[in-house]
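Quick notes on the structure that follows.
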Amino acid sequence: MTSAGWKSESQRSYFGKALLELGRRNPNVVVVGADTTESIKTNDFGKAFPDRFVQLGIAEPNMISAAAGLAAAGKIAFAATYSVFGSAHTYNVIRQNVAYTNLDVKIFCSHAGLSVGPDGATHQMNEDIGLMRGIPRMTVLVPADGPETGRCVDAAAEHPGPVYCRFSRTDVPTVTRADEPFRIGRATTLQDGSDVTLIGCGLMVSRCLLAAEALEKDGVSARVLNLSTAKPLDVAAIDKAARDTGALVTAEEHTVVHGIGAAVASVLAQNHPVPLGMVGVQDVFGESGEAEELLAKYGLTVERIVDVARATRKRRG
Amino acid sequence: MVEITEETIGGLRKQATILRRHILRMTHNVQSGHPGGSLSACDLVTALYFHVLRVDPKNPRWPDRDRFVLSKGHACPVWYAALAERGFFPVDELMTFRKIDSRLQGHPELGTTPGVENAAGAEGQGLSFSVGLALAARMDHKPWRVYCLMGDGEQDIGQTWEAAMAAAKYGLDNLTAIIDRNGIQQEGRTEDVMPLEPLGEKWEAFNWHVLTIDGHDYRQILSAIEEAQRVKGRPTVILARTVKGKGVSFMENKIKYHGAATSDEELKVALHELEVPP
């Protein structure tokens, strides 16, 4: 993948910095961790505000419930770890203690998707978007790059109720604009186009932009949407894309069984049906390897987006 | 032992009888719910709500209130009965328990029922939630205390012990856990389903201050809570030995009444046994 002058940056670093800044501005913010605080960059908050930082060890269900207890006493509680532990391992605790209670718990998880790399399938969480989208009252964020991850921290703190945010371990190209305000529930148009719309989230957004460049060379004008809120979906933006371009392609570092592709399909089917192609992890587990090797092997590539876009356009009525 | 007058104890006994009658009527009315574990916890809940807790029924969200967390959510009939009798909502509303459009859900829901402090039903989460509350009180230098009532069945669950370690790590002396040790869970005796003993030694090994009492003796209950309030640097767990179905002869120690309501005839007999003292 070539990066057209993009800077490659760590989402975790932006997360840690934003959390530290938020902690300075808002004394009501507390952070709980589960023996991953250095890796996920919450330890800077911990050093700056030791009285508002709680290390609970390798005990994620306890971490999530304790965060809920802190929130029930009026705190804005950030719980952060790797996505496999912060979503699947804690699912019923999130459901009962965070979402059913509608408390101000913000779950921020790194190490989402295949790009975790050599740690292998046990750590490659390709199912969390679907798991969290299914829980009533839950907001689900998937920032495209480092700066947007930072903006998610601020937006989550201001948003009343539970939030789940997932991002990558690997550095990702910075593609969002600093002057573009971030709003939960709104997809941003990174590039306009009229022949097809590429809807990406997370690290697939930059790949959608590169795919759009490739399609342009063939005379195909592609719109690119950054779907950084996986729930609630920006139904208006999806609807408009369907009406304006007549073909959609989703791209996600997540299983296609119940990710953003499936969510967009549901919107399309109920509103303005047009052909939809899905790029994502098929119904399989990952394996060890470098991030780029894995993304290539499992079809999360620019070339795949281009191919699916062409095929999807052909299916238009 | 603290000074507790006969009059105080008599008043609590009378109150507990009223709560027990509510529990039986509520569960009989919908022919569902969990009377056995509500009856075993009844004296503990009565002692807390009618003698210990600093709460304000007129202002259920008063920030400086003590927090009572019911981890064994299925015992919510006793919680609802106590809250109603304390004036958090009308006593008449108790008969809406488990019915459509009710504020009294089959298991506790946060935000709908005045006075309810947590959601529970999936077991084993309440102590962790209480750890969060106790940490918040400490961060804010607030004197309010957290009381978490657990079932003994919940001692099977890994998360209970995650919370136990965390509370000890942070020396949460503003947190008191109470275990309703009635010895019976859904499918049988706890020692048959999953042996828990030596339970007190387990909690001691987790660096808690452990007190073992008769969970139906008000002098012991109130003394233990008073001691827990005085202990510094460690959380306290009160192992309260109780009788499942306590107060109704044919329900006591019967596995069946964990999750079965009484029949019409049984209700009549039970209410006759539970005459409210003058």
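Letters for chains follow the order of the structure tokens (A, B, ...), residue numbers begin at 1 for each chain, and ligand numbers begin at 1 in the order shown.
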Original post:
Counting only C-alpha atoms, which residues of chain B come no farther than 9 Å from chain A, as JSON, numbers by chain?
Top reply: {"B": [63, 109, 110, 111, 117, 118, 119, 120, 121, 122, 125, 126, 127, 128, 129, 130, 131, 132, 133, 134, 135, 136, 137, 139, 159, 160, 162, 163, 165, 166, 169]}
Subject >> Contacts of region 191-195 of chain A within 7 Å, only C-alpha atoms, excl. fewer than 4 positions in-chain, as a PyMOL selection string >> reply: chain A and resi 220-224+244-246
**OP:** Tell me, as a count of residues only, which residues lie within 8 Å of Arg181 (chain B), counting only C-alpha atoms; anything in the same chain fewer than 5 positions away does not count.
**Re:** 7
**OP:** Using DSSP on the backbone, list every residue of region 5-238 of chain B that comes out as strand (DSSP E), and give them as a PyMOL selection string.
**Re:** chain B and resi 67-70+146-151+175-181+184-185+188-189+209-214+236-238
Write the selection just made, keeping N, CA and C atoms, as an mmCIF file, in the first residue's frame?
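This is the output file part_31.cif:
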```cif
data_model
loop_
_atom_site.group_PDB
_atom_site.id
_atom_site.type_symbol
_atom_site.label_atom_id
_atom_site.label_comp_id
_atom_site.auth_asym_id
_atom_site.auth_seq_id
_atom_site.Cartn_x
_atom_site.Cartn_y
_atom_site.Cartn_z
ATOM 1 N N ARG B 67 -24.755 3.287 50.415
ATOM 2 C CA ARG B 67 -25.219 2.466 49.279
ATOM 3 C C ARG B 67 -25.416 1.023 49.723
ATOM 4 N N PHE B 68 -26.606 0.503 49.418
ATOM 5 C CA PHE B 68 -26.852 -0.927 49.583
ATOM 6 C C PHE B 68 -26.912 -1.551 48.196
ATOM 7 N N VAL B 69 -26.060 -2.522 47.944
ATOM 8 C CA VAL B 69 -26.011 -3.213 46.655
ATOM 9 C C VAL B 69 -26.471 -4.654 46.864
ATOM 10 N N LEU B 70 -27.502 -5.034 46.136
ATOM 11 C CA LEU B 70 -27.983 -6.423 46.229
ATOM 12 C C LEU B 70 -27.369 -7.212 45.079
ATOM 13 N N VAL B 146 -20.569 1.465 51.834
ATOM 14 C CA VAL B 146 -21.181 0.556 50.872
ATOM 15 C C VAL B 146 -21.408 -0.802 51.532
ATOM 16 N N TYR B 147 -22.625 -1.303 51.437
ATOM 17 C CA TYR B 147 -22.970 -2.624 51.967
ATOM 18 C C TYR B 147 -23.418 -3.486 50.800
ATOM 19 N N CYS B 148 -22.761 -4.606 50.606
ATOM 20 C CA CYS B 148 -23.094 -5.478 49.480
ATOM 21 C C CYS B 148 -23.569 -6.829 50.007
ATOM 22 N N LEU B 149 -24.803 -7.171 49.677
ATOM 23 C CA LEU B 149 -25.347 -8.465 50.105
ATOM 24 C C LEU B 149 -25.214 -9.482 48.977
ATOM 25 N N MET B 150 -24.463 -10.526 49.254
ATOM 26 C CA MET B 150 -24.251 -11.596 48.269
ATOM 27 C C MET B 150 -24.957 -12.866 48.714
ATOM 28 N N GLY B 151 -25.213 -13.748 47.763
ATOM 29 C CA GLY B 151 -25.683 -15.082 48.097
ATOM 30 C C GLY B 151 -24.495 -16.015 48.252
ATOM 31 N N LEU B 175 -16.220 -0.565 52.755
ATOM 32 C CA LEU B 175 -17.037 -1.593 52.096
ATOM 33 C C LEU B 175 -17.258 -2.775 53.050
ATOM 34 N N THR B 176 -18.514 -3.140 53.224
ATOM 35 C CA THR B 176 -18.864 -4.321 54.011
ATOM 36 C C THR B 176 -19.640 -5.286 53.129
ATOM 37 N N ALA B 177 -19.120 -6.490 52.990
ATOM 38 C CA ALA B 177 -19.849 -7.522 52.252
ATOM 39 C C ALA B 177 -20.566 -8.417 53.259
ATOM 40 N N ILE B 178 -21.767 -8.826 52.907
ATOM 41 C CA ILE B 178 -22.519 -9.750 53.758
ATOM 42 C C ILE B 178 -22.913 -10.945 52.894
ATOM 43 N N ILE B 179 -22.592 -12.134 53.362
ATOM 44 C CA ILE B 179 -22.967 -13.341 52.615
ATOM 45 C C ILE B 179 -24.150 -14.003 53.310
ATOM 46 N N ASP B 180 -25.224 -14.140 52.561
ATOM 47 C CA ASP B 180 -26.425 -14.822 53.057
ATOM 48 C C ASP B 180 -26.175 -16.331 52.917
ATOM 49 N N ARG B 181 -25.587 -16.900 53.981
ATOM 50 C CA ARG B 181 -25.092 -18.282 53.897
ATOM 51 C C ARG B 181 -26.215 -19.254 54.257
ATOM 52 N N ILE B 184 -28.126 -23.195 50.359
ATOM 53 C CA ILE B 184 -28.885 -23.817 49.261
ATOM 54 C C ILE B 184 -28.823 -22.926 48.035
ATOM 55 N N GLN B 185 -28.575 -23.517 46.889
ATOM 56 C CA GLN B 185 -28.669 -22.783 45.635
ATOM 57 C C GLN B 185 -29.670 -23.499 44.741
ATOM 58 N N GLY B 188 -29.554 -27.411 44.567
ATOM 59 C CA GLY B 188 -29.292 -28.245 45.737
ATOM 60 C C GLY B 188 -28.493 -27.539 46.812
ATOM 61 N N ARG B 189 -27.941 -28.354 47.728
ATOM 62 C CA ARG B 189 -27.089 -27.825 48.796
ATOM 63 C C ARG B 189 -25.808 -27.285 48.170
ATOM 64 N N HIS B 209 -11.316 -8.899 56.681
ATOM 65 C CA HIS B 209 -11.709 -9.120 58.068
ATOM 66 C C HIS B 209 -13.005 -9.930 58.040
ATOM 67 N N VAL B 210 -12.988 -11.092 58.669
ATOM 68 C CA VAL B 210 -14.123 -12.021 58.547
ATOM 69 C C VAL B 210 -14.859 -12.158 59.878
ATOM 70 N N LEU B 211 -16.174 -12.015 59.833
ATOM 71 C CA LEU B 211 -17.016 -12.215 61.016
ATOM 72 C C LEU B 211 -18.078 -13.245 60.681
ATOM 73 N N THR B 212 -18.278 -14.215 61.552
ATOM 74 C CA THR B 212 -19.310 -15.223 61.318
ATOM 75 C C THR B 212 -20.402 -15.049 62.373
ATOM 76 N N ILE B 213 -21.629 -14.943 61.896
ATOM 77 C CA ILE B 213 -22.740 -14.687 62.820
ATOM 78 C C ILE B 213 -23.956 -15.524 62.456
ATOM 79 N N ASP B 214 -24.939 -15.511 63.340
ATOM 80 C CA ASP B 214 -26.268 -16.030 63.048
ATOM 81 C C ASP B 214 -27.033 -14.898 62.353
ATOM 82 N N THR B 236 -14.505 -5.704 55.334
ATOM 83 C CA THR B 236 -15.035 -6.747 56.215
ATOM 84 C C THR B 236 -16.088 -7.559 55.472
ATOM 85 N N VAL B 237 -16.059 -8.863 55.685
ATOM 86 C CA VAL B 237 -17.140 -9.712 55.181
ATOM 87 C C VAL B 237 -17.833 -10.360 56.373
ATOM 88 N N ILE B 238 -19.150 -10.279 56.378
ATOM 89 C CA ILE B 238 -19.938 -10.910 57.436
ATOM 90 C C ILE B 238 -20.569 -12.174 56.858
#
```
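For Ser288 (chain A), the set of protein, DNA and RNA residues having any atom at most 8 Å away, when counting only C-alpha atoms and skipping those fewer than 5 positions along the same chain, is Gly117, Pro118, Asp119, Gly120, Ala121 and Leu294 of chain A.
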Subject >> Which of region 112-202 of chain B fall in helix (DSSP H, G or I), as a ChimeraX atom specification >> reply: /B:126-139,153-156,158-169,190-193,199-202
